[in-house]
file final.cif (mmCIF, C-alpha atoms)
data_query
loop_
_atom_site.group_PDB
_atom_site.id
_atom_site.type_symbol
_atom_site.label_atom_id
_atom_site.label_comp_id
_atom_site.auth_asym_id
_atom_site.auth_seq_id
_atom_site.Cartn_x
_atom_site.Cartn_y
_atom_site.Cartn_z
ATOM 1 C CA MET A 1 0.000 0.000 0.000
ATOM 2 C CA ASP A 2 1.227 3.497 -0.814
ATOM 3 C CA PRO A 3 2.006 5.334 2.473
ATOM 4 C CA LEU A 4 0.246 8.448 1.137
ATOM 5 C CA LEU A 5 -3.031 6.558 0.973
ATOM 6 C CA LEU A 6 -4.907 6.509 4.257
ATOM 7 C CA PRO A 7 -8.419 5.268 5.081
ATOM 8 C CA CYS A 8 -11.056 7.864 4.200
ATOM 9 C CA GLY A 9 -13.467 7.215 7.019
ATOM 10 C CA HIS A 10 -16.830 8.958 6.622
ATOM 11 C CA GLY A 11 -18.474 5.644 5.735
ATOM 12 C CA THR A 12 -16.628 5.170 2.462
ATOM 13 C CA LYS A 13 -14.415 2.312 1.546
ATOM 14 C CA GLY A 14 -11.047 2.806 -0.021
ATOM 15 C CA TYR A 15 -8.339 5.382 0.374
ATOM 16 C CA SER A 16 -7.908 9.013 -0.510
ATOM 17 C CA VAL A 17 -4.689 10.773 -1.334
ATOM 18 C CA MET A 18 -6.340 14.091 -0.460
ATOM 19 C CA HIS A 19 -7.299 12.927 3.046
ATOM 20 C CA GLY A 20 -3.775 11.646 3.563
ATOM 21 C CA LEU A 21 -2.295 15.006 2.573
ATOM 22 C CA LEU A 22 -4.757 16.911 4.784
ATOM 23 C CA TYR A 23 -3.932 14.629 7.718
ATOM 24 C CA ARG A 24 -0.216 15.217 7.233
ATOM 25 C CA ALA A 25 -0.694 18.990 6.958
ATOM 26 C CA GLN A 26 -2.728 19.044 10.189
ATOM 27 C CA LEU A 27 -0.176 16.878 11.946
ATOM 28 C CA PHE A 28 2.629 19.188 10.799
ATOM 29 C CA TRP A 29 0.886 22.274 12.234
ATOM 30 C CA VAL A 30 0.052 20.547 15.520
ATOM 31 C CA LEU A 31 3.664 19.425 15.953
ATOM 32 C CA LEU A 32 4.933 22.888 14.999
ATOM 33 C CA VAL A 33 2.704 24.640 17.560
ATOM 34 C CA VAL A 34 3.511 22.108 20.299
ATOM 35 C CA GLY A 35 7.222 22.312 19.497
ATOM 36 C CA MET A 36 7.199 26.099 19.705
ATOM 37 C CA SER A 37 5.574 25.989 23.144
ATOM 38 C CA LEU A 38 8.264 23.737 24.665
ATOM 39 C CA PRO A 39 11.159 25.337 26.567
ATOM 40 C CA VAL A 40 14.216 25.977 24.453
ATOM 41 C CA ARG A 41 16.987 23.439 25.068
ATOM 42 C CA ALA A 42 19.825 25.030 23.115
ATOM 43 C CA GLN A 43 22.932 25.755 25.133
ATOM 44 C CA SER A 44 23.337 29.380 26.145
ATOM 45 C CA PRO A 45 26.496 30.955 24.675
ATOM 46 C CA GLU A 46 27.801 32.104 28.083
ATOM 47 C CA PHE A 47 27.271 28.707 29.733
ATOM 48 C CA ARG A 48 29.682 25.809 30.094
ATOM 49 C CA TRP A 49 30.372 23.248 32.789
ATOM 50 C CA PHE A 50 33.774 23.347 34.446
ATOM 51 C CA ASP A 51 35.676 20.430 35.897
ATOM 52 C CA PRO A 52 36.570 20.991 39.581
ATOM 53 C CA ALA A 53 40.171 22.131 39.025
ATOM 54 C CA SER A 54 39.431 24.693 36.298
ATOM 55 C CA GLY A 55 36.196 25.772 38.015
ATOM 56 C CA LEU A 56 37.977 26.570 41.272
ATOM 57 C CA GLU A 57 40.542 28.597 39.326
ATOM 58 C CA GLU A 58 37.798 30.430 37.382
ATOM 59 C CA ALA A 59 35.939 31.292 40.612
ATOM 60 C CA ARG A 60 39.130 32.649 42.130
ATOM 61 C CA ARG A 61 39.866 34.669 38.968
ATOM 62 C CA SER A 62 36.320 35.987 38.359
ATOM 63 C CA GLY A 63 35.119 36.417 41.943
ATOM 64 C CA LYS A 64 31.885 34.587 41.067
ATOM 65 C CA PRO A 65 30.355 32.089 43.485
ATOM 66 C CA MET A 66 30.409 28.435 42.479
ATOM 67 C CA LEU A 67 27.517 26.105 41.876
ATOM 68 C CA ILE A 68 28.713 22.528 42.237
ATOM 69 C CA ALA A 69 26.318 19.928 40.820
ATOM 70 C CA VAL A 70 27.170 16.753 42.728
ATOM 71 C CA TYR A 71 26.014 13.628 40.896
ATOM 72 C CA THR A 72 26.676 9.950 40.342
ATOM 73 C CA ASP A 73 26.497 8.006 37.087
ATOM 74 C CA TRP A 74 23.723 5.709 38.390
ATOM 75 C CA CYS A 75 21.471 8.494 39.737
ATOM 76 C CA SER A 76 18.227 8.782 37.751
ATOM 77 C CA TRP A 77 17.260 12.055 39.476
ATOM 78 C CA CYS A 78 20.647 13.505 38.463
ATOM 79 C CA ARG A 79 19.911 12.640 34.828
ATOM 80 C CA ARG A 80 16.456 14.184 35.182
ATOM 81 C CA MET A 81 18.029 17.343 36.626
ATOM 82 C CA ASP A 82 20.368 17.489 33.601
ATOM 83 C CA ARG A 83 17.547 16.835 31.136
ATOM 84 C CA GLU A 84 14.836 19.068 32.618
ATOM 85 C CA VAL A 85 16.669 21.804 34.510
ATOM 86 C CA TYR A 86 20.276 22.322 33.430
ATOM 87 C CA SER A 87 19.372 21.993 29.743
ATOM 88 C CA ARG A 88 17.015 25.007 29.825
ATOM 89 C CA SER A 89 18.416 28.118 28.191
ATOM 90 C CA ASP A 90 17.081 30.450 30.925
ATOM 91 C CA VAL A 91 18.780 28.372 33.639
ATOM 92 C CA GLN A 92 22.000 28.194 31.605
ATOM 93 C CA ALA A 93 21.997 31.935 30.916
ATOM 94 C CA TYR A 94 21.597 32.798 34.601
ATOM 95 C CA LEU A 95 24.167 30.200 35.668
ATOM 96 C CA GLY A 96 26.682 31.437 33.097
ATOM 97 C CA ARG A 97 26.298 35.093 34.106
ATOM 98 C CA THR A 98 26.199 34.620 37.871
ATOM 99 C CA PHE A 99 28.016 31.429 38.880
ATOM 100 C CA VAL A 100 30.917 29.210 37.966
ATOM 101 C CA PRO A 101 29.065 25.938 37.263
ATOM 102 C CA ILE A 102 31.053 22.816 38.197
ATOM 103 C CA ARG A 103 30.093 19.154 37.797
ATOM 104 C CA LEU A 104 31.430 16.799 40.454
ATOM 105 C CA ASN A 105 31.061 13.014 40.296
ATOM 106 C CA ALA A 106 30.786 11.960 43.951
ATOM 107 C CA GLU A 107 32.177 8.503 43.170
ATOM 108 C CA ASP A 108 35.305 9.654 41.333
ATOM 109 C CA THR A 109 38.294 8.553 43.401
ATOM 110 C CA GLU A 110 40.855 8.981 40.600
ATOM 111 C CA SER A 111 40.812 12.676 39.637
ATOM 112 C CA ARG A 112 42.685 15.061 41.885
ATOM 113 C CA PHE A 113 42.616 18.819 42.360
ATOM 114 C CA VAL A 114 43.574 21.345 45.023
ATOM 115 C CA PHE A 115 40.766 22.663 47.198
ATOM 116 C CA ARG A 116 41.638 25.213 49.886
ATOM 117 C CA GLY A 117 45.251 24.084 49.979
ATOM 118 C CA GLN A 118 44.630 20.328 50.051
ATOM 119 C CA THR A 119 44.771 17.823 47.221
ATOM 120 C CA VAL A 120 41.459 15.948 47.130
ATOM 121 C CA THR A 121 39.385 13.707 44.887
ATOM 122 C CA PRO A 122 35.798 14.547 43.929
ATOM 123 C CA ALA A 123 34.612 11.746 46.256
ATOM 124 C CA GLN A 124 36.563 13.253 49.172
ATOM 125 C CA LEU A 125 35.147 16.723 48.512
ATOM 126 C CA ALA A 126 31.584 15.372 48.395
ATOM 127 C CA ARG A 127 32.187 13.616 51.746
ATOM 128 C CA ALA A 128 33.725 16.755 53.236
ATOM 129 C CA PHE A 129 30.521 18.660 52.441
ATOM 130 C CA ARG A 130 28.484 15.756 53.879
ATOM 131 C CA VAL A 131 26.727 14.997 50.616
ATOM 132 C CA SER A 132 24.680 11.859 51.217
ATOM 133 C CA GLY A 133 22.050 12.003 48.455
ATOM 134 C CA TYR A 134 22.023 12.811 44.786
ATOM 135 C CA PRO A 135 21.676 15.162 43.142
ATOM 136 C CA THR A 136 22.972 17.755 45.577
ATOM 137 C CA THR A 137 23.765 21.300 44.569
ATOM 138 C CA LEU A 138 26.433 23.084 46.577
ATOM 139 C CA PHE A 139 26.691 26.880 46.527
ATOM 140 C CA LEU A 140 30.168 28.097 47.465
ATOM 141 C CA GLU A 141 31.881 31.462 47.753
ATOM 142 C CA PRO A 142 34.804 32.026 45.355
ATOM 143 C CA ASP A 143 37.216 31.054 48.174
ATOM 144 C CA GLY A 144 35.432 27.705 48.689
ATOM 145 C CA THR A 145 33.413 28.603 51.781
ATOM 146 C CA LEU A 146 30.028 26.871 51.762
ATOM 147 C CA ILE A 147 27.040 29.185 51.280
ATOM 148 C CA ALA A 148 24.433 26.410 51.343
ATOM 149 C CA PRO A 149 23.799 22.830 50.244
ATOM 150 C CA LEU A 150 20.643 22.080 48.260
ATOM 151 C CA PRO A 151 19.816 18.378 48.259
ATOM 152 C CA GLY A 152 17.537 16.741 45.717
ATOM 153 C CA TYR A 153 15.810 17.461 42.445
ATOM 154 C CA HIS A 154 14.025 20.796 42.012
ATOM 155 C CA PRO A 155 11.744 21.664 39.067
ATOM 156 C CA PRO A 156 13.160 24.257 36.641
ATOM 157 C CA ASP A 157 11.150 27.322 37.726
ATOM 158 C CA ARG A 158 11.768 26.645 41.419
ATOM 159 C CA PHE A 159 15.463 25.996 40.761
ATOM 160 C CA LEU A 160 15.793 29.284 38.857
ATOM 161 C CA LEU A 161 14.212 31.081 41.819
ATOM 162 C CA ILE A 162 16.748 29.427 44.145
ATOM 163 C CA LEU A 163 19.579 30.462 41.793
ATOM 164 C CA ARG A 164 18.373 34.066 41.943
ATOM 165 C CA TYR A 165 18.050 33.926 45.735
ATOM 166 C CA VAL A 166 21.692 32.884 46.027
ATOM 167 C CA GLY A 167 22.973 34.870 43.030
ATOM 168 C CA GLU A 168 21.439 38.141 44.278
ATOM 169 C CA ARG A 169 22.726 37.319 47.762
ATOM 170 C CA ALA A 170 19.189 37.707 49.106
ATOM 171 C CA PHE A 171 20.031 34.968 51.634
ATOM 172 C CA GLU A 172 21.975 37.663 53.518
ATOM 173 C CA ARG A 173 18.831 39.809 53.916
ATOM 174 C CA MET A 174 15.783 37.535 54.133
ATOM 175 C CA PRO A 175 14.466 33.982 54.377
ATOM 176 C CA PHE A 176 13.750 32.196 51.102
ATOM 177 C CA GLU A 177 9.973 32.265 51.726
ATOM 178 C CA ASP A 178 10.020 36.105 51.850
ATOM 179 C CA PHE A 179 12.045 36.187 48.637
ATOM 180 C CA VAL A 180 9.470 33.937 46.957
ATOM 181 C CA ARG A 181 6.598 36.133 48.192
ATOM 182 C CA MET A 182 8.316 39.240 46.807
ATOM 183 C CA ARG A 183 8.625 37.556 43.398
ATOM 184 C CA ALA A 184 5.024 36.296 43.282
ATOM 185 C CA PRO A 185 2.696 38.083 40.858
ATOM 186 C CA GLN A 186 0.299 40.419 42.664
#
call {"tool": "encode", "arguments": {"input": "final.cif", "output": "structure tokens"}}
result
Amino acid sequence: MDPLLLPCGHGTKGYSVMHGLLYRAQLFWVLLVVGMSLPVRAQSPEFRWFDPASGLEEARRSGKPMLIAVYTDWCSWCRRMDREVYSRSDVQAYLGRTFVPIRLNAEDTESRFVFRGQTVTPAQLARAFRVSGYPTTLFLEPDGTLIAPLPGYHPPDRFLLILRYVGERAFERMPFEDFVRMRAPQ
């Protein structure tokens, strides 16, 4: 059977090329509209992940705080965080402008880098910050001082709000709940 020929329906027997073309045109427009409504997943030009060694150096050089995404290879919530949160262009743009984003595999015992004067592995650094679940997001000052740990998966809009709370240093002035209330539409 020719793939352009689809059943007519409407009580008739046989196939119609015209119905097949109309069906395809409708399907095209539906997919186009749905596709345009999805969040953009292209990588923001100012965003890139750093490995721990180069990220620590970049934070020291730029004076930006660090966001350390602590993950493991087997963690399904970590993959979901990558797929649904870190892949969004608005999250990437804010991360790239405001933080030095670093990925840290909590089970890596081979790689080594210097953190606050000591040579450590990613696994040792994760243990030092008492990371016990994945994903965990660590916010650090440029000198490596912990601002706050954020355990678990957070949906994109909530995560972006948390990024702004830390990035604008609002944590120094108010609780997160007040920050959220200030941002809520009136």
call {"tool": "residues_around", "arguments": {"input": "final.cif", "residues": "stretch 65-78 of chain A", "least_positions_apart": "2", "cutoff": "8 Å", "atoms": "only C-alpha atoms", "output": "PDB file with C-alpha atoms, in the frame of the given file"}}
result
ATOM      1  CA  GLY A  55      36.196  25.772  38.015  1.00  0.00           C
ATOM      2  CA  LEU A  56      37.977  26.570  41.272  1.00  0.00           C
ATOM      3  CA  ALA A  59      35.939  31.292  40.612  1.00  0.00           C
ATOM      4  CA  GLY A  63      35.119  36.417  41.943  1.00  0.00           C
ATOM      5  CA  ARG A  80      16.456  14.184  35.182  1.00  0.00           C
ATOM      6  CA  MET A  81      18.029  17.343  36.626  1.00  0.00           C
ATOM      7  CA  ASP A  82      20.368  17.489  33.601  1.00  0.00           C
ATOM      8  CA  THR A  98      26.199  34.620  37.871  1.00  0.00           C
ATOM      9  CA  PHE A  99      28.016  31.429  38.880  1.00  0.00           C
ATOM     10  CA  VAL A 100      30.917  29.210  37.966  1.00  0.00           C
ATOM     11  CA  PRO A 101      29.065  25.938  37.263  1.00  0.00           C
ATOM     12  CA  ILE A 102      31.053  22.816  38.197  1.00  0.00           C
ATOM     13  CA  ARG A 103      30.093  19.154  37.797  1.00  0.00           C
ATOM     14  CA  LEU A 104      31.430  16.799  40.454  1.00  0.00           C
ATOM     15  CA  ASN A 105      31.061  13.014  40.296  1.00  0.00           C
ATOM     16  CA  ALA A 106      30.786  11.960  43.951  1.00  0.00           C
ATOM     17  CA  GLU A 107      32.177   8.503  43.170  1.00  0.00           C
ATOM     18  CA  ALA A 126      31.584  15.372  48.395  1.00  0.00           C
ATOM     19  CA  TYR A 134      22.023  12.811  44.786  1.00  0.00           C
ATOM     20  CA  PRO A 135      21.676  15.162  43.142  1.00  0.00           C
ATOM     21  CA  THR A 136      22.972  17.755  45.577  1.00  0.00           C
ATOM     22  CA  THR A 137      23.765  21.300  44.569  1.00  0.00           C
ATOM     23  CA  LEU A 138      26.433  23.084  46.577  1.00  0.00           C
ATOM     24  CA  PHE A 139      26.691  26.880  46.527  1.00  0.00           C
ATOM     25  CA  LEU A 140      30.168  28.097  47.465  1.00  0.00           C
ATOM     26  CA  GLU A 141      31.881  31.462  47.753  1.00  0.00           C
ATOM     27  CA  PRO A 142      34.804  32.026  45.355  1.00  0.00           C
ATOM     28  CA  GLY A 152      17.537  16.741  45.717  1.00  0.00           C
ATOM     29  CA  TYR A 153      15.810  17.461  42.445  1.00  0.00           C
ATOM     30  CA  GLY A 167      22.973  34.870  43.030  1.00  0.00           C
TER      31      GLY A 167
END
call {"tool": "residues_near_point", "arguments": {"input": "final.cif", "point": "(21.5, 36.4, 31.6)", "cutoff": "12 Å", "atoms": "all atoms listed in the file", "output": "list in words"}}
result
Ser44, Pro45, Glu46, Phe47, Ser89, Asp90, Val91, Gln92, Ala93, Tyr94, Leu95, Gly96, Arg97, Thr98, Phe99, Leu160, Leu163, Arg164 and Gly167 of chain A
call {"tool": "closest_residue", "arguments": {"input": "final.cif", "among": "A:Arg48, A:Arg181, A:Arg130, A:Arg158", "to": "A:Leu146", "atoms": "all atoms listed in the file"}}
result
A:Arg130
call {"tool": "closest_residue", "arguments": {"input": "final.cif", "among": "A:Arg112, A:Arg173, A:His154, A:Arg183", "to": "A:Ala53", "atoms": "all atoms listed in the file"}}
result
A:Arg112
call {"tool": "closest_residue", "arguments": {"input": "final.cif", "among": "A:Ser54, A:Pro155, A:Glu84, A:Ala148", "to": "A:Phe171", "atoms": "all atoms listed in the file"}}
result
A:Ala148
call {"tool": "atom_distance", "arguments": {"input": "final.cif", "atom1": "atom CA of A:Ser132", "atom2": "atom CA of A:Tyr165"}}
result
23.7 Å
call {"tool": "atom_distance", "arguments": {"input": "final.cif", "atom1": "atom CA of A:Asp51", "atom2": "atom CA of A:Phe159"}}
result
21.5 Å
call {"tool": "atom_distance", "arguments": {"input": "final.cif", "atom1": "atom CA of A:Ala123", "atom2": "atom CA of A:Asp108"}}
result
5.4 Å
